[in-house]
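Notes follow once the structure below has been shown.
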Amino acid sequence: MRTDLFDFELPETAIALHPASPRDAARLLVVQPGGGFDNRIVRDLPDLLAPGDALVFNDTRVIPAALTGTRTRGDAVAGIDVNLIERLDECRWRAFARPGKRLKVGDVIRFGDEGRVCYADVLDATVEAKEDGGLVTLRFNLHGGFLDSAIATHGEMPLPPYIALKRAPDESDRQSYQTMFATRDGAVAAPTAGLHFTPDLIARLDARDISRHTVTLHVGAGTFLPIKVEDTRDHVMHVEWGEITEETARALNAVRARGGRIVAVGTTSLRLLESAASASGEILPFAARTGIFITPGYRFKAVDMLMTNFHLPRSTLFMLVSAFSGLATMKAAYAHALSEGYRFYSYGDTSLLTREEGGGEASST
């Protein structure tokens, strides 16, 4: 499909720079199959679902993957910003470096403070390889848990570029850009639909007999990459690691067998569930990487409803929601959201979508 079919005008004023407070006070646009919109708030969610339905959350935890350092080469000193995107082993990460043109293979970037006594407080990385677009492979001077601790000390939360270009991260982002379900370190971007939940909302969902389940998909920075090709068939989807345990798969299959609906909280949960589903719709245990790319025509096998924030024009995520509820429906929904003042992107408002039946296949890498 042509990527320009997924374009729309988005004013910068619609981009949320801070989350709603409290989290469940964010607005919720309910999109009915074939059109029709209901303006609600996230706190209304228990009334919009039925007893026996199941919510599926992503329990990945965002690491403070944005690092600022200096590269020294003789008398030349350059400031370098690094965003970690994929761990390769105990001491190596793939990363985006800005400005990448200032780096050569063999350069050392220092993120630590040389004035400190303890060497463990000094975080260095050697540029092991360079790719196009500022991508580099970094080999750090620390390993395993020592490296994790140093990154947590020196790093900032990796806010999406459409927020980071407008304001610097602050201490509040360490909590605001993390869901209440986050238990497994590994993401460099938040599963943002999960940001809207609070303990009070969870208690009300429990009281309505709406079950909760968790899966893990370590969200990568590729989720922010724009599509640069003119046809979706030419796009190479980013790959992320995910896991669904045998216990969770069994529980979700039991929900559907009883007539309950599977409600994915976020596109990351949906992508993982669809990656793990058999042709008949059975959710299977899963522990692997997935690069599933969902566009209109895909036949959904596992997910009945989707709660998701508002996405970028021409993005893989807008293509996904268009596949889920129909392109015309989602274009109308986004036009409605803009006219009603909904806030977009990671810290913005959210929507509740119902699956539109269709057919086709997804591509994956």
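Residue numbering restarts at 1 for every chain of the structure tokens, chains are lettered A, B, ... in their displayed order, and ligands are numbered from 1 as they appear.
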
Surrounding residues of region 275-284 of chain A excluding itself and chain neighbours under 4 positions, 6 Å, only C-alpha atoms, as a list in words: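 What passes the distance filter is Ala249, Lys301 and Ala302 of chain A.
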
Using DSSP assignments from the backbone, pull out every residue in region 79-256 of chain A that falls under alpha helix (DSSP H) and give it to me as a VMD selection string. chain A and resid 144 to 154 161 to 164 173 to 176 199 to 207 246 to 256

Would you kindly return, as number ranges by chain, each protein, DNA or RNA residue with an atom no farther than 12 Å from any atom of Phe344 (chain A), considering only C-alpha atoms and excluding same-chain residues fewer than 4 positions away? A: 10-20, 26-29, 162-163, 192-193, 308-313, 334-335, 337-338, 340, 348-351

Excluding Ile210 (chain A) and residues on its chain fewer than 5 positions from it, collect all residues at most 8 Å away from it, counting only C-alpha atoms, and give them as a list in words. Pro46, Leu49, Ala50, Pro51, Gly52, Asp53, Ala54, Leu55 and Leu205 of chain A

Output all heavy atoms for every residue in the selection just made, as an mmCIF file, in the first residue's frame.
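Done, and the output landed in selection.cif:
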data_model
loop_
_atom_site.group_PDB
_atom_site.id
_atom_site.type_symbol
_atom_site.label_atom_id
_atom_site.label_comp_id
_atom_site.auth_asym_id
_atom_site.auth_seq_id
_atom_site.Cartn_x
_atom_site.Cartn_y
_atom_site.Cartn_z
ATOM 1 N N PRO A 46 -13.688 0.685 33.152
ATOM 2 C CA PRO A 46 -14.435 -0.487 33.651
ATOM 3 C C PRO A 46 -15.864 -0.559 33.116
ATOM 4 O O PRO A 46 -16.385 -1.669 32.898
ATOM 5 C CB PRO A 46 -14.417 -0.281 35.167
ATOM 6 C CG PRO A 46 -13.183 0.517 35.420
ATOM 7 C CD PRO A 46 -13.091 1.453 34.258
ATOM 8 N N LEU A 49 -15.991 -2.085 29.398
ATOM 9 C CA LEU A 49 -15.678 -3.496 29.202
ATOM 10 C C LEU A 49 -16.707 -4.347 29.925
ATOM 11 O O LEU A 49 -17.517 -3.842 30.699
ATOM 12 C CB LEU A 49 -14.266 -3.790 29.727
ATOM 13 C CG LEU A 49 -13.132 -2.971 29.085
ATOM 14 C CD1 LEU A 49 -11.794 -3.314 29.726
ATOM 15 C CD2 LEU A 49 -13.086 -3.178 27.577
ATOM 16 N N ALA A 50 -16.670 -5.642 29.695
ATOM 17 C CA ALA A 50 -17.663 -6.549 30.270
ATOM 18 C C ALA A 50 -16.983 -7.528 31.221
ATOM 19 O O ALA A 50 -15.804 -7.884 31.030
ATOM 20 C CB ALA A 50 -18.376 -7.323 29.163
ATOM 21 N N PRO A 51 -17.682 -7.981 32.250
ATOM 22 C CA PRO A 51 -17.130 -9.031 33.107
ATOM 23 C C PRO A 51 -16.689 -10.223 32.260
ATOM 24 O O PRO A 51 -17.398 -10.641 31.335
ATOM 25 C CB PRO A 51 -18.299 -9.391 34.024
ATOM 26 C CG PRO A 51 -19.123 -8.135 34.078
ATOM 27 C CD PRO A 51 -19.022 -7.533 32.700
ATOM 28 N N GLY A 52 -15.517 -10.746 32.555
ATOM 29 C CA GLY A 52 -14.979 -11.856 31.774
ATOM 30 C C GLY A 52 -13.986 -11.432 30.711
ATOM 31 O O GLY A 52 -13.272 -12.278 30.165
ATOM 32 N N ASP A 53 -13.943 -10.122 30.392
ATOM 33 C CA ASP A 53 -12.927 -9.636 29.466
ATOM 34 C C ASP A 53 -11.547 -9.691 30.138
ATOM 35 O O ASP A 53 -11.449 -9.757 31.368
ATOM 36 C CB ASP A 53 -13.222 -8.197 29.032
ATOM 37 C CG ASP A 53 -14.402 -8.099 28.071
ATOM 38 O OD1 ASP A 53 -14.806 -9.134 27.511
ATOM 39 O OD2 ASP A 53 -14.928 -6.973 27.889
ATOM 40 N N ALA A 54 -10.493 -9.623 29.321
ATOM 41 C CA ALA A 54 -9.128 -9.695 29.850
ATOM 42 C C ALA A 54 -8.283 -8.576 29.262
ATOM 43 O O ALA A 54 -8.242 -8.387 28.045
ATOM 44 C CB ALA A 54 -8.495 -11.040 29.512
ATOM 45 N N LEU A 55 -7.621 -7.834 30.131
ATOM 46 C CA LEU A 55 -6.666 -6.817 29.716
ATOM 47 C C LEU A 55 -5.265 -7.425 29.690
ATOM 48 O O LEU A 55 -4.881 -8.148 30.612
ATOM 49 C CB LEU A 55 -6.680 -5.634 30.681
ATOM 50 C CG LEU A 55 -7.924 -4.735 30.651
ATOM 51 C CD1 LEU A 55 -7.955 -3.849 31.884
ATOM 52 C CD2 LEU A 55 -7.935 -3.884 29.386
ATOM 53 N N LEU A 205 -11.375 -2.257 38.036
ATOM 54 C CA LEU A 205 -11.416 -3.296 37.002
ATOM 55 C C LEU A 205 -11.524 -4.678 37.641
ATOM 56 O O LEU A 205 -12.286 -5.538 37.174
ATOM 57 C CB LEU A 205 -10.168 -3.212 36.124
ATOM 58 C CG LEU A 205 -10.098 -2.010 35.172
ATOM 59 C CD1 LEU A 205 -8.671 -1.784 34.694
ATOM 60 C CD2 LEU A 205 -11.034 -2.219 33.982
#
